[in-house]
>>> print(open('protein.tsv').read())   # TSV, C-alpha atoms
chain	number	residue	atom	x	y	z
A	1	MET	CA	10.36	40.16	-158.63
A	2	SER	CA	10.43	43.45	-156.79
A	3	ALA	CA	8.87	43.81	-153.34
A	4	ALA	CA	5.80	45.83	-154.31
A	5	PRO	CA	4.00	46.44	-157.58
A	6	ARG	CA	4.07	49.91	-159.09
A	7	ILE	CA	0.53	51.17	-159.81
A	8	ARG	CA	-0.13	53.83	-162.42
A	9	THR	CA	-2.84	55.02	-164.80
A	10	ALA	CA	-2.82	53.15	-168.09
A	11	THR	CA	-1.65	54.83	-171.30
A	12	LEU	CA	-2.51	54.33	-174.96
A	13	ASP	CA	0.82	52.50	-175.34
A	14	ASP	CA	-0.40	49.82	-172.88
A	15	GLU	CA	-3.29	48.68	-175.10
A	16	ASP	CA	-1.63	45.71	-176.84
A	17	GLU	CA	-0.09	44.41	-173.62
A	18	LEU	CA	-3.41	44.79	-171.77
A	19	GLY	CA	-5.19	42.89	-174.52
A	20	ARG	CA	-2.65	40.06	-174.28
A	21	LEU	CA	-2.96	39.97	-170.49
A	22	ASP	CA	-6.74	39.88	-170.74
A	23	ARG	CA	-6.63	36.95	-173.19
A	24	ASP	CA	-3.92	35.08	-171.23
A	25	THR	CA	-5.90	35.28	-167.97
A	26	TRP	CA	-9.29	34.36	-169.47
A	27	SER	CA	-11.08	31.68	-167.44
A	28	THR	CA	-14.65	30.66	-166.62
A	29	LEU	CA	-13.62	31.25	-163.01
A	30	HIS	CA	-14.25	34.95	-163.67
A	31	ALA	CA	-15.34	35.45	-167.30
A	32	VAL	CA	-18.90	35.22	-168.57
A	33	MET	CA	-18.04	36.05	-172.18
A	34	PRO	CA	-16.72	33.33	-174.52
A	35	ARG	CA	-12.95	32.86	-174.84
A	36	PRO	CA	-11.60	35.55	-177.19
A	37	ARG	CA	-10.69	34.37	-180.68
A	38	PRO	CA	-8.79	36.16	-183.46
A	39	PRO	CA	-9.24	38.71	-184.82
A	40	TYR	CA	-9.19	40.24	-181.36
A	41	GLU	CA	-11.23	43.29	-180.45
A	42	PRO	CA	-9.22	46.33	-179.27
A	43	PHE	CA	-8.78	46.43	-175.49
A	44	TYR	CA	-9.84	50.07	-175.33
A	45	GLY	CA	-13.19	51.08	-176.74
A	46	GLU	CA	-15.74	53.85	-176.75
A	47	ARG	CA	-16.81	53.18	-173.19
A	48	PHE	CA	-13.43	52.48	-171.52
A	49	GLY	CA	-10.07	53.98	-172.36
A	50	PRO	CA	-6.75	54.39	-170.57
A	51	ARG	CA	-8.21	56.79	-167.99
A	52	ASN	CA	-10.53	54.01	-166.74
A	53	HIS	CA	-7.66	51.60	-166.02
A	54	LEU	CA	-4.95	51.37	-163.41
A	55	VAL	CA	-2.12	49.00	-164.23
A	56	ALA	CA	0.39	47.18	-162.06
A	57	GLU	CA	4.03	46.68	-162.98
A	58	LEU	CA	6.59	44.37	-161.41
A	59	ASP	CA	10.20	44.84	-162.47
A	60	GLY	CA	9.01	47.08	-165.31
A	61	ARG	CA	6.61	44.45	-166.71
A	62	LEU	CA	2.85	45.01	-166.86
A	63	VAL	CA	1.31	42.23	-164.72
A	64	GLY	CA	-2.21	43.42	-163.92
A	65	TYR	CA	-4.98	45.90	-164.42
A	66	ILE	CA	-8.21	47.06	-162.83
A	67	ARG	CA	-11.03	48.88	-164.64
A	68	LEU	CA	-13.10	51.54	-162.86
A	69	GLY	CA	-16.33	53.01	-164.16
A	70	PHE	CA	-19.83	54.06	-163.27
A	71	PRO	CA	-22.47	51.41	-162.56
A	72	THR	CA	-25.08	53.49	-164.43
A	73	SER	CA	-25.29	56.76	-166.34
A	74	LEU	CA	-27.82	58.21	-163.88
A	75	ALA	CA	-26.92	61.46	-162.11
A	76	CYS	CA	-28.46	60.14	-158.88
A	77	ASN	CA	-25.91	57.28	-158.98
A	78	ALA	CA	-22.85	59.40	-159.77
A	79	HIS	CA	-21.47	58.99	-156.23
A	80	VAL	CA	-20.81	55.29	-156.88
A	81	ARG	CA	-17.97	53.70	-158.82
A	82	GLN	CA	-17.85	50.09	-159.97
A	83	ILE	CA	-14.92	47.78	-160.57
A	84	LEU	CA	-15.60	46.42	-164.04
A	85	GLY	CA	-12.59	44.19	-164.53
A	86	LEU	CA	-9.51	42.92	-162.73
A	87	ALA	CA	-6.76	40.69	-164.09
A	88	VAL	CA	-3.38	39.58	-162.74
A	89	ALA	CA	-0.83	37.60	-164.74
A	90	GLU	CA	-0.60	34.03	-163.49
A	91	ASP	CA	3.12	34.28	-162.67
A	92	ALA	CA	2.49	37.43	-160.59
A	93	ARG	CA	-0.28	36.00	-158.42
A	94	GLY	CA	0.53	35.90	-154.73
A	95	ALA	CA	2.80	38.94	-155.01
A	96	GLY	CA	0.19	41.45	-153.75
A	97	VAL	CA	-0.72	42.75	-157.21
A	98	GLY	CA	-4.50	42.30	-156.89
A	99	ARG	CA	-4.52	43.82	-153.40
A	100	ALA	CA	-2.42	46.81	-154.55
A	101	LEU	CA	-4.76	47.38	-157.50
A	102	LEU	CA	-7.85	47.20	-155.24
A	103	ARG	CA	-6.39	49.69	-152.78
A	104	ALA	CA	-5.34	52.02	-155.58
A	105	VAL	CA	-8.75	51.90	-157.28
A	106	CYS	CA	-10.48	52.69	-153.98
A	107	GLU	CA	-8.18	55.68	-153.58
A	108	GLU	CA	-8.93	56.73	-157.17
A	109	GLY	CA	-12.65	56.47	-156.47
A	110	ARG	CA	-12.22	58.71	-153.42
A	111	ARG	CA	-10.17	61.16	-155.49
A	112	GLN	CA	-13.05	61.32	-157.97
A	113	GLY	CA	-15.46	62.14	-155.13
A	114	ALA	CA	-17.17	58.74	-154.94
A	115	ARG	CA	-18.70	57.64	-151.65
A	116	ARG	CA	-19.11	53.95	-152.53
A	117	ILE	CA	-17.55	51.28	-154.71
A	118	THR	CA	-19.16	48.08	-155.95
A	119	LEU	CA	-18.27	45.00	-157.98
A	120	ARG	CA	-19.71	41.75	-159.27
A	121	VAL	CA	-17.93	38.44	-158.84
A	122	LEU	CA	-18.88	34.90	-159.80
A	123	GLY	CA	-19.95	32.82	-156.83
A	124	HIS	CA	-17.43	30.04	-157.56
A	125	ASN	CA	-14.45	32.46	-157.62
A	126	ALA	CA	-13.39	31.84	-154.02
A	127	PRO	CA	-9.90	33.43	-154.33
A	128	ALA	CA	-11.32	36.73	-155.63
A	129	ARG	CA	-14.14	36.77	-153.08
A	130	ALA	CA	-11.65	36.22	-150.24
A	131	LEU	CA	-9.48	39.07	-151.50
A	132	TYR	CA	-12.45	41.44	-151.81
A	133	GLU	CA	-13.69	40.54	-148.33
A	134	SER	CA	-10.22	41.09	-146.86
A	135	GLU	CA	-10.31	44.62	-148.35
A	136	GLY	CA	-13.66	45.50	-146.75
A	137	PHE	CA	-16.13	44.49	-149.46
A	138	VAL	CA	-19.27	42.74	-148.23
A	139	VAL	CA	-21.87	40.70	-150.08
A	140	GLU	CA	-24.85	42.95	-150.80
A	141	GLY	CA	-26.81	40.57	-152.98
A	142	VAL	CA	-26.73	37.32	-154.90
A	143	LEU	CA	-28.34	36.52	-158.24
A	144	PRO	CA	-28.63	32.72	-157.99
A	145	GLY	CA	-27.77	30.71	-161.10
A	146	GLU	CA	-27.38	33.89	-163.17
A	147	PHE	CA	-24.84	32.41	-165.60
A	148	LEU	CA	-24.46	29.02	-167.28
A	149	LEU	CA	-20.71	28.33	-167.56
A	150	ASP	CA	-19.31	24.97	-168.60
A	151	ASP	CA	-22.78	23.44	-168.12
A	152	VAL	CA	-22.97	24.66	-164.50
A	153	TYR	CA	-25.23	27.44	-163.19
A	154	VAL	CA	-23.15	30.01	-161.35
A	155	ASP	CA	-24.28	32.77	-158.96
A	156	ASP	CA	-23.52	36.44	-159.62
A	157	VAL	CA	-22.44	37.96	-156.30
A	158	LEU	CA	-22.81	41.71	-155.78
A	159	MET	CA	-20.33	43.24	-153.34
A	160	GLY	CA	-19.64	46.77	-152.17
A	161	ARG	CA	-18.07	48.98	-149.57
A	162	PRO	CA	-18.04	52.61	-148.53
A	163	LEU	CA	-15.15	54.83	-149.52
>>> encode(input="protein.tsv", output="structure tokens")
Amino acid sequence: MSAAPRIRTATLDDEDELGRLDRDTWSTLHAVMPRPRPPYEPFYGERFGPRNHLVAELDGRLVGYIRLGFPTSLACNAHVRQILGLAVAEDARGAGVGRALLRAVCEEGRRQGARRITLRVLGHNAPARALYESEGFVVEGVLPGEFLLDDVYVDDVLMGRPL
């Protein structure tokens, strides 16, 4: 694999590959929705399209994505962006893909004029939490036992950082 991932804005042509990546990386470590089953929903929808996604490529292969949106539709909250999804192909983990996507999405948030960026992560997802903390995100709140996954109650951890 090449030394650093290439980050770019997603295109309409990426939809099928992003859908496959999303299904291949599904896990209760980070997903609260049931495992996707055929027929699969389109990856892009009314709320999120290509412009809301940055993708990572290694050696010309799409290996990750991050979704950026607004936490609410309120004008008084328009200065905040929220990471609403992050996935990295299993064989690309440890190659700096997640970190590159996080840095790029923070830069995109700044470019859009945001002053803050937030995310939600499951309490048992230690690898993701460590990555977010290493990139300046701090825990701003915890919703204890918010989700029941595989018969275990899991915390919803709210994190954020200034841009």
>>> residues_around(input="protein.tsv", residues="Val138 (chain A)", least_positions_apart="2", cutoff="7 Å", atoms="all atoms listed in the file", output="list in words")
Glu133, Gly136, Glu140, Met159, Gly160 and Arg161 of chain A
>>> atom_distance(input="protein.tsv", atom1="CA of Gly85 (chain A)", atom2="CA of Ile66 (chain A)")
5.5 Å
>>> atom_distance(input="protein.tsv", atom1="CA of Leu54 (chain A)", atom2="CA of Gly141 (chain A)")
26.5 Å
>>> closest_atom_pairs(input="protein.tsv", of="region 31-104 of chain A", to="region 3-12 of chain A", cutoff="10 Å", atoms="all atoms listed in the file", output="Markdown table")
| residue | atom | partner | partner_atom | distance |
| --- | --- | --- | --- | --- |
| A:Tyr44 | CA | A:Leu12 | CA | 8.5 |
| A:Gly49 | CA | A:Leu12 | CA | 8.0 |
| A:Pro50 | CA | A:Ala10 | CA | 4.8 |
| A:Arg51 | CA | A:Thr9 | CA | 6.5 |
| A:Asn52 | CA | A:Ala10 | CA | 7.9 |
| A:His53 | CA | A:Ala10 | CA | 5.5 |
| A:Leu54 | CA | A:Thr9 | CA | 4.4 |
| A:Val55 | CA | A:Arg8 | CA | 5.5 |
| A:Ala56 | CA | A:Ile7 | CA | 4.6 |
| A:Glu57 | CA | A:Arg6 | CA | 5.1 |
| A:Leu58 | CA | A:Pro5 | CA | 5.1 |
| A:Asp59 | CA | A:Pro5 | CA | 8.1 |
| A:Gly60 | CA | A:Arg6 | CA | 8.4 |
| A:Arg61 | CA | A:Pro5 | CA | 9.7 |
| A:Leu62 | CA | A:Arg6 | CA | 9.3 |
| A:Val63 | CA | A:Pro5 | CA | 8.7 |
| A:Gly64 | CA | A:Ile7 | CA | 9.2 |
| A:Tyr65 | CA | A:Ala10 | CA | 8.4 |
| A:Ile66 | CA | A:Ala10 | CA | 9.7 |
| A:Arg67 | CA | A:Ala10 | CA | 9.9 |
| A:Ala92 | CA | A:Pro5 | CA | 9.6 |
| A:Ala95 | CA | A:Ala4 | CA | 7.5 |
| A:Gly96 | CA | A:Ala4 | CA | 7.1 |
| A:Val97 | CA | A:Pro5 | CA | 6.0 |
| A:Gly98 | CA | A:Pro5 | CA | 9.5 |
| A:Arg99 | CA | A:Pro5 | CA | 9.8 |
| A:Ala100 | CA | A:Pro5 | CA | 7.1 |
| A:Leu101 | CA | A:Ile7 | CA | 6.9 |
| A:Arg103 | CA | A:Ile7 | CA | 10.0 |
| A:Ala104 | CA | A:Ile7 | CA | 7.3 |
>>> residues_around(input="protein.tsv", residues="region 25-41 of chain A", least_positions_apart="6", cutoff="12 Å", atoms="only C-alpha atoms", output="ChimeraX atom specification")
/A:15-16,18-19,63-65,84-93,120-129,146-157
>>> build_atoms(input="protein.tsv", residues="region 142-155 of chain A", atoms="N, CA, C and O atoms", output="PDB file, keeping the file's coordinate frame")
ATOM      1  N   VAL A 142     -27.119  38.474-154.096  1.00  0.00           N
ATOM      2  CA  VAL A 142     -26.730  37.320-154.900  1.00  0.00           C
ATOM      3  C   VAL A 142     -27.832  37.069-155.921  1.00  0.00           C
ATOM      4  O   VAL A 142     -29.016  37.039-155.574  1.00  0.00           O
ATOM      5  N   LEU A 143     -27.425  36.915-157.175  1.00  0.00           N
ATOM      6  CA  LEU A 143     -28.340  36.520-158.240  1.00  0.00           C
ATOM      7  C   LEU A 143     -28.074  35.035-158.483  1.00  0.00           C
ATOM      8  O   LEU A 143     -27.099  34.673-159.161  1.00  0.00           O
ATOM      9  N   PRO A 144     -28.895  34.159-157.906  1.00  0.00           N
ATOM     10  CA  PRO A 144     -28.630  32.720-157.990  1.00  0.00           C
ATOM     11  C   PRO A 144     -28.721  32.192-159.428  1.00  0.00           C
ATOM     12  O   PRO A 144     -29.631  32.539-160.168  1.00  0.00           O
ATOM     13  N   GLY A 145     -27.754  31.364-159.799  1.00  0.00           N
ATOM     14  CA  GLY A 145     -27.770  30.710-161.100  1.00  0.00           C
ATOM     15  C   GLY A 145     -27.844  31.668-162.274  1.00  0.00           C
ATOM     16  O   GLY A 145     -28.391  31.323-163.327  1.00  0.00           O
ATOM     17  N   GLU A 146     -27.269  32.832-162.147  1.00  0.00           N
ATOM     18  CA  GLU A 146     -27.380  33.890-163.170  1.00  0.00           C
ATOM     19  C   GLU A 146     -26.679  33.538-164.478  1.00  0.00           C
ATOM     20  O   GLU A 146     -27.089  33.983-165.541  1.00  0.00           O
ATOM     21  N   PHE A 147     -25.615  32.751-164.402  1.00  0.00           N
ATOM     22  CA  PHE A 147     -24.840  32.410-165.600  1.00  0.00           C
ATOM     23  C   PHE A 147     -24.703  30.904-165.735  1.00  0.00           C
ATOM     24  O   PHE A 147     -24.553  30.194-164.744  1.00  0.00           O
ATOM     25  N   LEU A 148     -24.716  30.423-166.978  1.00  0.00           N
ATOM     26  CA  LEU A 148     -24.460  29.020-167.280  1.00  0.00           C
ATOM     27  C   LEU A 148     -23.073  28.939-167.903  1.00  0.00           C
ATOM     28  O   LEU A 148     -22.857  29.373-169.033  1.00  0.00           O
ATOM     29  N   LEU A 149     -22.111  28.410-167.138  1.00  0.00           N
ATOM     30  CA  LEU A 149     -20.710  28.330-167.560  1.00  0.00           C
ATOM     31  C   LEU A 149     -20.251  26.891-167.480  1.00  0.00           C
ATOM     32  O   LEU A 149     -20.336  26.274-166.412  1.00  0.00           O
ATOM     33  N   ASP A 150     -19.766  26.367-168.564  1.00  0.00           N
ATOM     34  CA  ASP A 150     -19.310  24.970-168.600  1.00  0.00           C
ATOM     35  C   ASP A 150     -20.396  24.028-168.068  1.00  0.00           C
ATOM     36  O   ASP A 150     -20.123  23.131-167.265  1.00  0.00           O
ATOM     37  N   ASP A 151     -21.636  24.275-168.490  1.00  0.00           N
ATOM     38  CA  ASP A 151     -22.780  23.440-168.120  1.00  0.00           C
ATOM     39  C   ASP A 151     -23.115  23.470-166.625  1.00  0.00           C
ATOM     40  O   ASP A 151     -23.749  22.548-166.109  1.00  0.00           O
ATOM     41  N   VAL A 152     -22.666  24.500-165.920  1.00  0.00           N
ATOM     42  CA  VAL A 152     -22.970  24.660-164.500  1.00  0.00           C
ATOM     43  C   VAL A 152     -23.560  26.056-164.286  1.00  0.00           C
ATOM     44  O   VAL A 152     -23.030  27.042-164.805  1.00  0.00           O
ATOM     45  N   TYR A 153     -24.647  26.142-163.524  1.00  0.00           N
ATOM     46  CA  TYR A 153     -25.230  27.440-163.190  1.00  0.00           C
ATOM     47  C   TYR A 153     -24.422  28.061-162.067  1.00  0.00           C
ATOM     48  O   TYR A 153     -24.141  27.419-161.047  1.00  0.00           O
ATOM     49  N   VAL A 154     -24.037  29.314-162.270  1.00  0.00           N
ATOM     50  CA  VAL A 154     -23.150  30.010-161.350  1.00  0.00           C
ATOM     51  C   VAL A 154     -23.821  31.292-160.861  1.00  0.00           C
ATOM     52  O   VAL A 154     -24.413  32.032-161.655  1.00  0.00           O
ATOM     53  N   ASP A 155     -23.709  31.553-159.548  1.00  0.00           N
ATOM     54  CA  ASP A 155     -24.280  32.770-158.960  1.00  0.00           C
ATOM     55  C   ASP A 155     -23.464  33.996-159.351  1.00  0.00           C
ATOM     56  O   ASP A 155     -22.244  33.922-159.529  1.00  0.00           O
TER      57      ASP A 155
END
